[in-house]
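Chemist: Below is the file model_25.txt, which contains compact mmCIF, C-alpha atoms and all ligand atoms.
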# COMPACT_ATOMS: atom_id res chain seq x y z
CA MET A 1105 -19.63 -0.64 24.86
CA GLU A 1106 -23.15 -1.87 25.34
CA ASN A 1107 -24.64 -4.70 23.39
CA VAL A 1108 -27.39 -3.73 20.97
CA ALA A 1109 -29.43 -6.77 21.90
CA ASP A 1110 -30.38 -8.25 25.21
CA TYR A 1111 -27.47 -10.18 26.81
CA LYS A 1112 -29.65 -13.17 27.64
CA GLU A 1113 -30.82 -13.44 24.07
CA ILE A 1114 -27.25 -13.19 22.72
CA ALA A 1115 -26.04 -15.72 25.26
CA GLU A 1116 -28.74 -18.16 24.15
CA LEU A 1117 -27.92 -17.60 20.50
CA ILE A 1118 -24.21 -18.22 21.19
CA GLU A 1119 -25.08 -21.35 23.10
CA GLY A 1120 -27.15 -22.58 20.18
CA ALA A 1121 -24.33 -21.66 17.78
CA GLY A 1122 -21.70 -23.87 19.40
CA GLY A 1123 -21.33 -22.74 23.01
CA GLU A 1124 -20.00 -26.12 24.04
CA ALA A 1125 -16.93 -25.76 21.85
CA PHE A 1126 -16.22 -22.34 23.40
CA ARG A 1127 -16.36 -23.82 26.89
CA ARG A 1128 -13.73 -26.44 26.06
CA CYS A 1129 -11.15 -23.62 25.88
CA PHE A 1130 -8.75 -23.55 28.83
CA GLN A 1131 -7.18 -20.21 27.79
CA CYS A 1132 -3.74 -21.55 26.89
CA GLY A 1133 -3.26 -18.71 24.41
CA MET A 1134 -1.74 -20.89 21.68
CA CYS A 1135 -4.19 -19.40 19.16
CA ASP A 1136 -2.84 -15.92 19.83
CA VAL A 1137 0.76 -17.10 19.47
CA VAL A 1138 0.21 -18.41 15.93
CA CYS A 1139 -2.35 -15.87 14.68
CA PRO A 1140 -0.94 -13.69 11.87
CA TRP A 1141 -2.75 -10.63 13.25
CA ASN A 1142 -0.28 -10.52 16.11
CA ARG A 1143 2.48 -9.78 13.61
CA VAL A 1144 0.81 -6.51 12.66
CA ARG A 1145 -1.35 -5.49 15.67
CA ARG A 1146 -2.85 -6.93 18.86
CA PHE A 1147 -5.68 -9.40 18.40
CA SER A 1148 -6.89 -12.17 20.67
CA MET A 1149 -8.96 -15.12 19.53
CA ARG A 1150 -8.49 -16.44 23.08
CA LYS A 1151 -10.39 -13.40 24.40
CA ILE A 1152 -13.18 -13.79 21.80
CA VAL A 1153 -13.60 -17.44 22.82
CA ARG A 1154 -13.57 -16.49 26.52
CA GLN A 1155 -16.29 -13.85 26.09
CA ALA A 1156 -18.40 -16.18 23.95
CA ALA A 1157 -18.15 -18.96 26.56
CA PHE A 1158 -19.91 -16.59 28.97
CA GLY A 1159 -22.35 -15.32 26.36
CA MET A 1160 -20.72 -11.88 26.69
CA THR A 1161 -19.77 -11.25 23.05
CA GLU A 1162 -20.16 -7.65 21.94
CA ILE A 1163 -21.58 -8.45 18.52
CA GLU A 1164 -21.08 -4.89 17.32
CA ASN A 1165 -17.34 -5.13 18.00
CA GLU A 1166 -15.02 -5.15 14.99
CA GLU A 1167 -12.91 -7.91 16.55
CA ILE A 1168 -15.32 -10.71 15.60
CA TRP A 1169 -14.77 -9.80 11.93
CA ARG A 1170 -11.00 -9.87 12.04
CA CYS A 1171 -10.34 -13.63 11.64
CA THR A 1172 -9.34 -14.54 8.08
CA THR A 1173 -10.17 -18.20 8.75
CA CYS A 1174 -6.56 -18.98 7.87
CA GLY A 1175 -6.64 -22.27 9.76
CA ARG A 1176 -3.49 -21.69 11.86
CA CYS A 1177 -5.10 -21.72 15.30
CA PRO A 1178 -7.46 -24.68 14.82
CA GLN A 1179 -4.33 -26.61 13.78
CA ARG A 1180 -2.70 -25.86 17.15
CA CYS A 1181 -5.65 -25.74 19.57
CA PRO A 1182 -5.27 -28.54 22.16
CA ARG A 1183 -9.01 -28.50 22.97
CA ASP A 1184 -10.54 -28.59 19.49
CA VAL A 1185 -12.41 -25.31 20.03
CA ARG A 1186 -12.89 -25.03 16.25
CA GLN A 1187 -12.36 -21.28 16.26
CA ILE A 1188 -13.43 -20.83 12.63
CA ASP A 1189 -16.87 -22.43 13.09
CA SER A 1190 -17.29 -20.62 16.38
CA GLY A 1191 -16.26 -17.27 14.90
CA MET A 1192 -18.60 -17.82 11.95
CA ALA A 1193 -21.45 -18.41 14.37
CA LEU A 1194 -20.81 -15.03 16.02
CA ARG A 1195 -20.81 -13.32 12.62
CA ARG A 1196 -24.09 -15.04 11.78
CA ILE A 1197 -25.63 -13.58 14.91
CA ALA A 1198 -24.31 -10.10 14.05
CA THR A 1199 -25.66 -10.52 10.50
CA GLU A 1200 -29.09 -11.51 11.84
CA TYR A 1201 -29.14 -8.34 13.93
CA GLY A 1202 -27.80 -6.28 11.01
CA VAL A 1203 -24.88 -5.01 13.13
CA PHE A 1204 -21.84 -4.16 11.00
CA PRO A 1205 -18.90 -1.99 12.07
CA GLU A 1206 -17.76 0.64 9.58
CA ASN A 1207 -15.12 -1.39 7.73
CA VAL A 1208 -17.39 -4.45 7.51
CA ARG A 1209 -20.25 -2.56 5.85
CA PRO A 1210 -19.09 -3.38 2.28
CA VAL A 1211 -20.08 -6.99 3.04
CA ARG A 1212 -23.74 -5.94 3.05
CA GLY A 1213 -23.39 -4.70 -0.52
CA VAL A 1214 -21.56 -7.88 -1.46
CA SER A 1215 -24.40 -9.99 -0.05
CA GLY A 1216 -26.89 -8.03 -2.15
CA ASN A 1217 -24.78 -8.42 -5.30
CA LEU A 1218 -24.36 -12.15 -4.72
CA SER A 1219 -28.05 -12.53 -4.21
CA THR A 1220 -29.08 -10.66 -7.36
CA GLN A 1221 -26.20 -11.21 -9.82
CA GLY A 1222 -24.37 -14.23 -8.36
CA ASN A 1223 -21.06 -12.33 -8.04
CA PRO A 1224 -19.66 -10.00 -5.36
CA PHE A 1225 -18.99 -7.09 -7.74
CA GLY A 1226 -22.56 -6.46 -8.89
CA GLU A 1227 -21.50 -7.16 -12.49
CA ALA A 1228 -24.16 -8.48 -14.86
CA ARG A 1229 -24.77 -12.21 -14.56
CA GLU A 1230 -25.09 -12.38 -18.37
CA ALA A 1231 -21.46 -11.20 -18.69
CA ARG A 1232 -20.04 -14.01 -16.57
CA GLY A 1233 -18.82 -16.07 -19.52
CA ALA A 1234 -17.59 -13.08 -21.56
CA TRP A 1235 -13.93 -13.79 -20.61
CA ALA A 1236 -14.11 -16.97 -22.70
CA GLU A 1237 -15.84 -15.65 -25.82
CA ALA A 1238 -12.78 -14.95 -27.95
CA LEU A 1239 -11.00 -18.10 -26.77
CA GLY A 1240 -13.23 -20.69 -28.41
CA VAL A 1241 -14.41 -22.08 -25.07
CA ARG A 1242 -17.73 -23.90 -25.40
CA PRO A 1243 -20.69 -24.23 -23.03
CA PHE A 1244 -20.45 -27.41 -20.96
CA SER A 1245 -22.30 -30.47 -22.22
CA GLU A 1246 -22.64 -33.89 -20.66
CA GLU A 1247 -20.24 -35.80 -22.90
CA MET A 1248 -17.33 -33.50 -22.00
CA GLU A 1249 -14.49 -34.67 -19.75
CA ILE A 1250 -14.78 -31.89 -17.20
CA LEU A 1251 -16.58 -28.65 -16.30
CA TYR A 1252 -14.28 -25.66 -15.80
CA PHE A 1253 -15.82 -23.56 -13.02
CA ALA A 1254 -13.88 -20.31 -13.29
CA GLY A 1255 -15.38 -18.55 -10.26
CA CYS A 1256 -16.13 -14.84 -9.76
CA TYR A 1257 -12.69 -13.25 -9.71
CA PHE A 1258 -11.37 -15.16 -12.73
CA SER A 1259 -14.56 -14.34 -14.64
CA TYR A 1260 -14.76 -10.59 -13.98
CA ASP A 1261 -11.52 -9.15 -12.57
CA SER A 1262 -9.27 -7.70 -15.29
CA ARG A 1263 -6.02 -9.06 -13.76
CA LEU A 1264 -7.48 -12.47 -13.04
CA LYS A 1265 -9.19 -12.93 -16.40
CA LYS A 1266 -5.65 -13.44 -17.72
CA VAL A 1267 -5.39 -16.50 -15.48
CA ALA A 1268 -8.68 -17.88 -16.81
CA ALA A 1269 -7.39 -17.33 -20.36
CA ALA A 1270 -4.11 -19.13 -19.52
CA THR A 1271 -6.13 -22.00 -18.07
CA ALA A 1272 -8.28 -22.31 -21.20
CA GLU A 1273 -5.19 -22.25 -23.43
CA ILE A 1274 -3.48 -24.99 -21.41
CA LEU A 1275 -6.58 -27.19 -21.45
CA GLN A 1276 -6.95 -26.75 -25.20
CA ARG A 1277 -3.26 -27.55 -25.79
CA ALA A 1278 -3.62 -30.72 -23.69
CA GLY A 1279 -6.69 -31.75 -25.70
CA VAL A 1280 -9.02 -31.65 -22.70
CA GLU A 1281 -12.71 -31.66 -23.63
CA PHE A 1282 -14.09 -29.03 -21.29
CA GLY A 1283 -16.81 -26.42 -21.14
CA ILE A 1284 -18.11 -23.65 -18.87
CA LEU A 1285 -21.50 -22.75 -17.43
CA GLY A 1286 -21.35 -19.04 -18.33
CA GLU A 1287 -24.29 -17.17 -16.85
CA ALA A 1288 -25.56 -20.34 -15.17
CA GLU A 1289 -22.51 -20.27 -12.89
CA SER A 1290 -22.92 -18.51 -9.52
CA CYS A 1291 -20.38 -17.65 -6.85
CA CYS A 1292 -19.48 -20.80 -4.89
CA GLY A 1293 -20.51 -18.95 -1.71
CA GLU A 1294 -17.56 -19.99 0.43
CA SER A 1295 -16.50 -16.54 1.60
CA ILE A 1296 -19.94 -15.08 2.21
CA ARG A 1297 -20.67 -18.06 4.43
CA LYS A 1298 -17.52 -17.37 6.46
CA ALA A 1299 -18.65 -13.74 6.63
CA GLY A 1300 -21.84 -14.86 8.37
CA ASP A 1301 -24.49 -14.79 5.62
CA GLU A 1302 -25.71 -18.36 5.68
CA GLU A 1303 -28.87 -17.60 3.70
CA VAL A 1304 -26.99 -16.19 0.72
CA PHE A 1305 -24.54 -19.12 0.87
CA LYS A 1306 -27.41 -21.60 0.72
CA LYS A 1307 -29.05 -19.78 -2.16
CA LEU A 1308 -25.81 -19.79 -4.20
CA ALA A 1309 -25.05 -23.42 -3.38
CA ARG A 1310 -28.53 -24.50 -4.51
CA GLN A 1311 -28.19 -22.54 -7.76
CA ASN A 1312 -24.87 -24.20 -8.57
CA ILE A 1313 -26.01 -27.67 -7.57
CA LYS A 1314 -29.08 -27.33 -9.78
CA ALA A 1315 -26.93 -26.11 -12.69
CA PHE A 1316 -24.54 -29.07 -12.22
CA ILE A 1317 -27.33 -31.64 -12.01
CA ASP A 1318 -29.32 -30.20 -14.94
CA ARG A 1319 -26.24 -30.44 -17.18
CA GLY A 1320 -24.99 -33.83 -16.02
CA VAL A 1321 -21.79 -32.52 -14.42
CA ARG A 1322 -19.70 -35.15 -12.65
CA ARG A 1323 -16.20 -33.61 -12.49
CA VAL A 1324 -15.52 -29.96 -11.75
CA LEU A 1325 -12.19 -28.21 -12.32
CA VAL A 1326 -11.59 -25.07 -10.25
CA SER A 1327 -8.91 -22.40 -10.12
CA SER A 1328 -9.84 -21.08 -6.69
CA PRO A 1329 -9.07 -22.98 -3.48
CA HIS A 1330 -12.22 -21.40 -2.03
CA CYS A 1331 -14.40 -23.05 -4.70
CA TYR A 1332 -12.43 -26.27 -4.14
CA HIS A 1333 -13.03 -26.19 -0.40
CA THR A 1334 -16.71 -25.48 -0.51
CA PHE A 1335 -17.55 -27.93 -3.34
CA LYS A 1336 -15.54 -30.69 -1.68
CA ASN A 1337 -16.31 -30.13 2.00
CA GLU A 1338 -19.48 -28.05 2.25
CA TYR A 1339 -21.76 -28.89 -0.72
CA PRO A 1340 -22.03 -32.51 0.54
CA GLU A 1341 -24.21 -30.97 3.30
CA PHE A 1342 -26.83 -30.77 0.51
CA MET A 1343 -26.52 -34.54 -0.07
CA VAL A 1344 -24.65 -34.20 -3.38
CA HIS A 1345 -21.16 -35.30 -4.37
CA PHE A 1346 -19.23 -34.01 -7.36
CA GLU A 1347 -15.62 -34.87 -8.05
CA VAL A 1348 -13.66 -31.64 -7.54
CA VAL A 1349 -10.19 -31.07 -8.94
CA HIS A 1350 -8.01 -28.05 -8.31
CA MET A 1351 -5.98 -26.76 -11.25
CA SER A 1352 -2.69 -27.59 -9.48
CA GLN A 1353 -3.75 -31.25 -9.28
CA PHE A 1354 -5.06 -31.29 -12.84
CA LEU A 1355 -1.88 -29.75 -14.24
CA LEU A 1356 0.25 -32.39 -12.55
CA ASP A 1357 -2.00 -35.16 -13.91
CA LEU A 1358 -1.82 -33.73 -17.43
CA ILE A 1359 1.98 -33.55 -17.24
CA GLU A 1360 2.33 -37.07 -15.78
CA GLN A 1361 -0.03 -38.55 -18.38
CA GLY A 1362 2.06 -36.94 -21.14
CA ARG A 1363 -0.88 -34.83 -22.32
CA LEU A 1364 0.92 -31.58 -21.56
CA GLU A 1365 4.51 -31.09 -22.64
CA LEU A 1366 6.49 -28.29 -21.08
CA THR A 1367 9.28 -27.63 -23.53
CA ARG A 1368 10.17 -23.97 -23.32
CA GLU A 1369 12.76 -22.75 -20.84
CA VAL A 1370 11.32 -20.39 -18.20
CA PRO A 1371 14.39 -19.09 -16.37
CA LEU A 1372 12.74 -17.79 -13.21
CA LYS A 1373 13.53 -17.98 -9.52
CA VAL A 1374 10.12 -18.75 -8.06
CA THR A 1375 8.70 -19.13 -4.59
CA PHE A 1376 5.29 -20.69 -3.99
CA HIS A 1377 2.81 -19.23 -1.53
CA ASP A 1378 0.45 -21.87 -0.09
CA PRO A 1379 -3.08 -20.44 -0.09
CA CYS A 1380 -4.77 -21.28 3.24
CA TYR A 1381 -7.67 -23.10 1.56
CA LEU A 1382 -5.39 -25.15 -0.68
CA GLY A 1383 -2.79 -26.02 1.94
CA ARG A 1384 -3.88 -26.00 5.56
CA HIS A 1385 -7.57 -26.62 4.84
CA ASN A 1386 -7.12 -29.28 2.16
CA GLY A 1387 -3.56 -30.58 2.38
CA LEU A 1388 -2.48 -29.75 -1.21
CA TYR A 1389 1.14 -28.69 -0.67
CA ASP A 1390 3.09 -30.97 -3.02
CA GLU A 1391 1.09 -30.71 -6.25
CA PRO A 1392 1.81 -27.04 -7.05
CA ARG A 1393 5.48 -27.42 -6.14
CA GLU A 1394 5.76 -30.55 -8.28
CA VAL A 1395 4.24 -28.69 -11.24
CA LEU A 1396 6.82 -25.90 -10.80
CA ARG A 1397 9.64 -28.48 -10.66
CA ARG A 1398 8.50 -29.80 -14.06
CA VAL A 1399 8.83 -26.37 -15.69
CA PRO A 1400 12.23 -26.25 -17.43
CA GLY A 1401 14.41 -23.46 -16.05
CA VAL A 1402 12.38 -22.74 -12.92
CA GLU A 1403 14.36 -22.60 -9.68
CA LEU A 1404 12.09 -23.14 -6.70
CA VAL A 1405 12.98 -21.48 -3.39
CA GLU A 1406 11.00 -21.48 -0.13
CA MET A 1407 9.94 -18.52 1.98
CA ALA A 1408 10.38 -18.34 5.75
CA ASP A 1409 6.80 -19.49 6.42
CA ASN A 1410 5.79 -22.31 4.12
CA ARG A 1411 3.50 -25.31 3.78
CA GLU A 1412 1.59 -25.91 7.08
CA ASP A 1413 3.07 -22.67 8.47
CA SER A 1414 2.24 -20.54 5.42
CA LEU A 1415 1.45 -16.90 6.14
CA CYS A 1416 -2.11 -15.99 5.19
CA CYS A 1417 -2.51 -13.29 2.49
CA GLY A 1418 -5.30 -11.68 4.54
CA GLY A 1419 -8.14 -12.31 2.07
CA GLY A 1420 -10.07 -15.24 3.53
CA GLY A 1421 -13.16 -15.20 5.75
CA GLY A 1422 -14.66 -12.35 3.72
CA ARG A 1423 -11.71 -10.06 4.59
CA ILE A 1424 -11.15 -9.56 0.86
CA TRP A 1425 -14.24 -7.30 0.98
CA MET A 1426 -13.23 -5.38 4.10
CA ASP A 1427 -10.78 -2.55 4.34
CA THR A 1428 -7.48 -3.38 6.05
CA PRO A 1429 -5.38 -0.29 6.79
CA LYS A 1430 -1.80 0.06 5.55
CA GLY A 1431 0.62 -1.38 8.07
CA GLU A 1432 -1.80 -4.21 8.91
CA ARG A 1433 -1.76 -6.11 5.62
CA PHE A 1434 -0.31 -9.63 5.86
CA SER A 1435 0.31 -9.55 2.10
CA ASP A 1436 2.94 -6.81 2.61
CA LEU A 1437 4.81 -9.16 4.95
CA ARG A 1438 4.51 -12.00 2.47
CA VAL A 1439 5.88 -9.97 -0.42
CA ALA A 1440 8.84 -9.01 1.80
CA GLN A 1441 9.36 -12.71 2.60
CA ALA A 1442 9.40 -13.55 -1.11
CA LEU A 1443 12.07 -10.89 -1.73
CA ASP A 1444 14.09 -12.09 1.27
CA ALA A 1445 14.04 -15.59 -0.23
CA GLY A 1446 15.64 -14.14 -3.38
CA ALA A 1447 12.60 -14.91 -5.56
CA ARG A 1448 11.79 -12.87 -8.66
CA VAL A 1449 8.33 -14.46 -8.92
CA LEU A 1450 5.80 -14.95 -6.16
CA ALA A 1451 3.63 -17.76 -7.46
CA THR A 1452 0.36 -18.90 -6.01
CA SER A 1453 -2.93 -20.42 -7.02
CA CYS A 1454 -5.75 -18.37 -5.50
CA PRO A 1455 -7.57 -15.22 -6.66
CA TYR A 1456 -7.53 -13.51 -3.26
CA CYS A 1457 -3.80 -14.12 -2.80
CA ILE A 1458 -3.04 -12.75 -6.26
CA SER A 1459 -5.20 -9.63 -5.71
CA ASN A 1460 -3.62 -8.89 -2.33
CA PHE A 1461 -0.07 -9.59 -3.50
CA GLU A 1462 -0.49 -7.41 -6.58
CA ASP A 1463 -1.57 -4.53 -4.32
CA SER A 1464 1.41 -5.11 -2.02
CA ARG A 1465 3.81 -5.39 -4.96
CA LEU A 1466 2.63 -2.03 -6.32
CA ALA A 1467 3.40 -0.48 -2.93
CA LEU A 1468 7.07 -1.55 -3.21
CA LYS A 1469 9.70 1.11 -3.97
CA ASP A 1470 10.68 -0.94 -7.02
CA ASP A 1471 7.55 -2.76 -8.20
CA ASP A 1472 9.57 -4.52 -10.92
CA ALA A 1473 11.54 -6.38 -8.27
CA LEU A 1474 8.87 -9.07 -8.07
CA ARG A 1475 6.23 -10.56 -10.35
CA VAL A 1476 3.06 -12.10 -8.96
CA MET A 1477 1.91 -15.04 -11.05
CA ASP A 1478 -0.63 -17.80 -10.94
CA LEU A 1479 0.77 -21.30 -11.41
CA THR A 1480 -1.07 -21.59 -14.73
CA GLU A 1481 0.61 -18.43 -16.05
CA ILE A 1482 4.04 -19.96 -15.43
CA VAL A 1483 3.01 -23.25 -17.07
CA ARG A 1484 1.63 -21.40 -20.08
CA GLU A 1485 5.03 -19.72 -20.60
CA ALA A 1486 6.57 -23.19 -20.84
CA LEU A 1487 4.29 -24.41 -23.68
S1 LIG A 1501 -5.71 -22.54 21.52
FE1 LIG A 1501 -7.77 -23.38 21.96
S2 LIG A 1501 -7.72 -23.86 24.17
FE2 LIG A 1501 -5.98 -22.48 23.77
S3 LIG A 1501 -6.80 -20.40 24.18
FE3 LIG A 1501 -7.05 -20.77 21.98
S4 LIG A 1501 -9.14 -21.60 21.79
FE4 LIG A 1501 -8.55 -21.78 23.96
S1 LIG A 1502 -7.98 -18.83 11.99
FE1 LIG A 1502 -6.11 -17.63 11.58
S2 LIG A 1502 -6.74 -15.47 11.50
FE2 LIG A 1502 -8.39 -16.64 12.50
S3 LIG A 1502 -7.93 -16.41 14.68
FE3 LIG A 1502 -7.04 -18.36 13.99
S4 LIG A 1502 -4.92 -17.86 13.46
FE4 LIG A 1502 -6.04 -15.91 13.60
I need this file expressed as structure tokens, please.
Modeler:
Amino acid sequence: MENVADYKEIAELIEGAGGEAFRRCFQCGMCDVVCPWNRVRRFSMRKIVRQAAFGMTEIENEEIWRCTTCGRCPQRCPRDVRQIDSGMALRRIATEYGVFPENVRPVRGVSGNLSTQGNPFGEAREARGAWAEALGVRPFSEEMEILYFAGCYFSYDSRLKKVAAATAEILQRAGVEFGILGEAESCCGESIRKAGDEEVFKKLARQNIKAFIDRGVRRVLVSSPHCYHTFKNEYPEFMVHFEVVHMSQFLLDLIEQGRLELTREVPLKVTFHDPCYLGRHNGLYDEPREVLRRVPGVELVEMADNREDSLCCGGGGGRIWMDTPKGERFSDLRVAQALDAGARVLATSCPYCISNFEDSRLALKDDDALRVMDLTEIVREAL
């Protein structure tokens, strides 16, 4: 396959985008050993790095869009090649040239929607806070304890709006003074950045930062590990610092401070799936498990791949917007692992994981064999 752009130009762009890191690679292949793609089909990050080191990347090739940014291979790479940053750089180049393979094309539409409406679905910005209207949730004001930043999926997706509602109910029961931004909230921008659209990421980040500063926000509570990651680790690039708390941390604090009492028995055998951006990228493994241990009646079991070795759901790095054919979905493997562990509930704490697991659950012969629940939904049953 021929490159659409001049090789020399691409080579220079790759060099400028982190060529040095690519050249540190000594082709040990450890990245390919741990990559979840190699459980469902052949895929080689080692080969992508090799080609990039020589400036030979075929930017129109689908392979550069495959990485879910799960964080497994950077964890194991002996040469600190930083495959995620390097892969992102290649996608940025492809985005600049407007080169998108067939199954990546939806990302163009997503970029447009994010740019105009602040969400990937193209839903009206004005409707962003509608999930909260009947729940008595107020707009955020400076004297409140914390801002609840629901994020796109929890604001608009019909399955995930139930999680936002459970969150609001828990916060109200614990007496937390909180508010939301409603239409002033924009997508955090984490996934579109990983999908190569740096300009849209910057635009979204600036919109959110302005909204936070204008309203005197100091602490932000998030349900999505992707919002958590980008607020905590990427927004500081704009010289701002907000305290960011993920719901799993906040729940544990509320329980430990005696603000939230879990009294009702919830007799469920539960396994917890570590979302990549909660676990591997940010080290939050114990908090969600500790919350589950505090729920009366819950029996916690572990799946084959857990904590640092958790199996990605397949939704990170913008893959949530790309089509993955049947037989290649990591979430199908994860649902099977949950059943093998004897769990009746696959719990997690991330909108992409829940969306992918719900799809995989529906594909089971007996879709009642397993429930997919957010941590907050289990806690709400215990109130
Ligand atoms: S693990 Fe690192 S050094 Fe080894 S092949 Fe992959 S990128 Fe290269
Ligand atoms: S970050 Fe994950 S999905 Fe991406 S290449 Fe590495 S192991 Fe594979």
Chemist: Counting all atoms listed in the file, which residues have an atom no more than 9 Å from (-15.5, -11.2, 1.5) in the file's coordinates? Please list them as a PyMOL selection string.
Modeler: chain A and resi 1210-1211+1214+1224+1295-1296+1298-1299+1419-1426
Chemist: Name the residues, by chain letter and number, that sit within 6 Å of ligand LIG 1501 (chain A) using all atoms listed in the file, and give them as a PyMOL selection string.
Modeler: chain A and resi 1129-1135+1150+1181-1183+1185
Chemist: Within 8 Å of ligand LIG 1502 (chain A), which residues of chain A come that close, and what is the closest atom pair and distance in Å for each? Count only C-alpha atoms and all ligand atoms and give it as a tab-separated table.
Modeler:
residue	atom	partner	partner_atom	distance
A:Cys1135	CA	A:LIG1502	S4	5.9
A:Asp1136	CA	A:LIG1502	S4	7.0
A:Val1138	CA	A:LIG1502	S4	5.7
A:Cys1139	CA	A:LIG1502	S4	3.5
A:Pro1140	CA	A:LIG1502	FE4	5.8
A:Trp1141	CA	A:LIG1502	FE4	6.2
A:Ser1148	CA	A:LIG1502	S3	7.4
A:Met1149	CA	A:LIG1502	S3	5.1
A:Arg1170	CA	A:LIG1502	S2	7.1
A:Cys1171	CA	A:LIG1502	FE2	3.7
A:Thr1172	CA	A:LIG1502	S2	4.4
A:Thr1173	CA	A:LIG1502	S1	4.0
A:Cys1174	CA	A:LIG1502	FE1	4.0
A:Gly1175	CA	A:LIG1502	S1	4.3
A:Arg1176	CA	A:LIG1502	S4	4.4
A:Cys1177	CA	A:LIG1502	FE3	4.1
A:Pro1178	CA	A:LIG1502	FE3	6.4
A:Gln1187	CA	A:LIG1502	FE3	6.5
A:Ile1188	CA	A:LIG1502	S1	5.8
A:Cys1416	CA	A:LIG1502	FE1	7.7
Chemist: Would you mind telling me which residue in A:Arg1393, A:Lys1336, A:Arg1465, A:Arg1411 lies nearest to Glu1294 in chain A when using all atoms listed in the file?
Modeler: A:Lys1336
Chemist: Excluding Val1304 in chain A and its own-chain neighbours fewer than 4 positions away, which residues fall within 12 Å of it when counting only C-alpha atoms? Please give them as a PyMOL selection string.
Modeler: chain A and resi 1196+1199+1211-1212+1214-1224+1290-1300+1308-1311
Chemist: For a test of reading the model, state the distance in Å between CA of Cys1256 in chain A and CA of Asp1472 in chain A, rounded to one decimal.
Modeler: 27.7 Å
Chemist: Starting from the sparse input, extend range 1263-1275 of chain A to N, CA and C atoms and give the output as a PDB file, in the coordinates of the input.
Modeler:
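So the final result, stored in result-v4.pdb, reads:
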ATOM      1  N   ARG A1263      -7.295  -8.356 -13.959  1.00  0.00           N
ATOM      2  CA  ARG A1263      -6.020  -9.060 -13.760  1.00  0.00           C
ATOM      3  C   ARG A1263      -6.238 -10.578 -13.823  1.00  0.00           C
ATOM      4  N   LEU A1264      -7.298 -11.021 -13.179  1.00  0.00           N
ATOM      5  CA  LEU A1264      -7.480 -12.470 -13.040  1.00  0.00           C
ATOM      6  C   LEU A1264      -8.070 -13.144 -14.269  1.00  0.00           C
ATOM      7  N   LYS A1265      -8.704 -12.346 -15.138  1.00  0.00           N
ATOM      8  CA  LYS A1265      -9.190 -12.930 -16.400  1.00  0.00           C
ATOM      9  C   LYS A1265      -8.024 -13.493 -17.219  1.00  0.00           C
ATOM     10  N   LYS A1266      -6.840 -12.925 -17.010  1.00  0.00           N
ATOM     11  CA  LYS A1266      -5.650 -13.440 -17.720  1.00  0.00           C
ATOM     12  C   LYS A1266      -5.339 -14.872 -17.255  1.00  0.00           C
ATOM     13  N   VAL A1267      -5.622 -15.147 -15.997  1.00  0.00           N
ATOM     14  CA  VAL A1267      -5.390 -16.500 -15.480  1.00  0.00           C
ATOM     15  C   VAL A1267      -6.409 -17.471 -16.090  1.00  0.00           C
ATOM     16  N   ALA A1268      -7.658 -17.029 -16.186  1.00  0.00           N
ATOM     17  CA  ALA A1268      -8.680 -17.880 -16.810  1.00  0.00           C
ATOM     18  C   ALA A1268      -8.303 -18.167 -18.264  1.00  0.00           C
ATOM     19  N   ALA A1269      -7.789 -17.143 -18.955  1.00  0.00           N
ATOM     20  CA  ALA A1269      -7.390 -17.330 -20.360  1.00  0.00           C
ATOM     21  C   ALA A1269      -6.227 -18.323 -20.452  1.00  0.00           C
ATOM     22  N   ALA A1270      -5.251 -18.193 -19.527  1.00  0.00           N
ATOM     23  CA  ALA A1270      -4.110 -19.130 -19.520  1.00  0.00           C
ATOM     24  C   ALA A1270      -4.605 -20.547 -19.274  1.00  0.00           C
ATOM     25  N   THR A1271      -5.572 -20.677 -18.393  1.00  0.00           N
ATOM     26  CA  THR A1271      -6.130 -22.000 -18.070  1.00  0.00           C
ATOM     27  C   THR A1271      -6.780 -22.604 -19.317  1.00  0.00           C
ATOM     28  N   ALA A1272      -7.600 -21.802 -20.005  1.00  0.00           N
ATOM     29  CA  ALA A1272      -8.280 -22.310 -21.200  1.00  0.00           C
ATOM     30  C   ALA A1272      -7.252 -22.731 -22.261  1.00  0.00           C
ATOM     31  N   GLU A1273      -6.220 -21.934 -22.417  1.00  0.00           N
ATOM     32  CA  GLU A1273      -5.190 -22.250 -23.430  1.00  0.00           C
ATOM     33  C   GLU A1273      -4.485 -23.564 -23.089  1.00  0.00           C
ATOM     34  N   ILE A1274      -4.153 -23.742 -21.833  1.00  0.00           N
ATOM     35  CA  ILE A1274      -3.480 -24.990 -21.410  1.00  0.00           C
ATOM     36  C   ILE A1274      -4.386 -26.190 -21.665  1.00  0.00           C
ATOM     37  N   LEU A1275      -5.651 -26.064 -21.277  1.00  0.00           N
ATOM     38  CA  LEU A1275      -6.580 -27.190 -21.450  1.00  0.00           C
ATOM     39  C   LEU A1275      -6.729 -27.537 -22.930  1.00  0.00           C
TER      40      LEU A1275
END
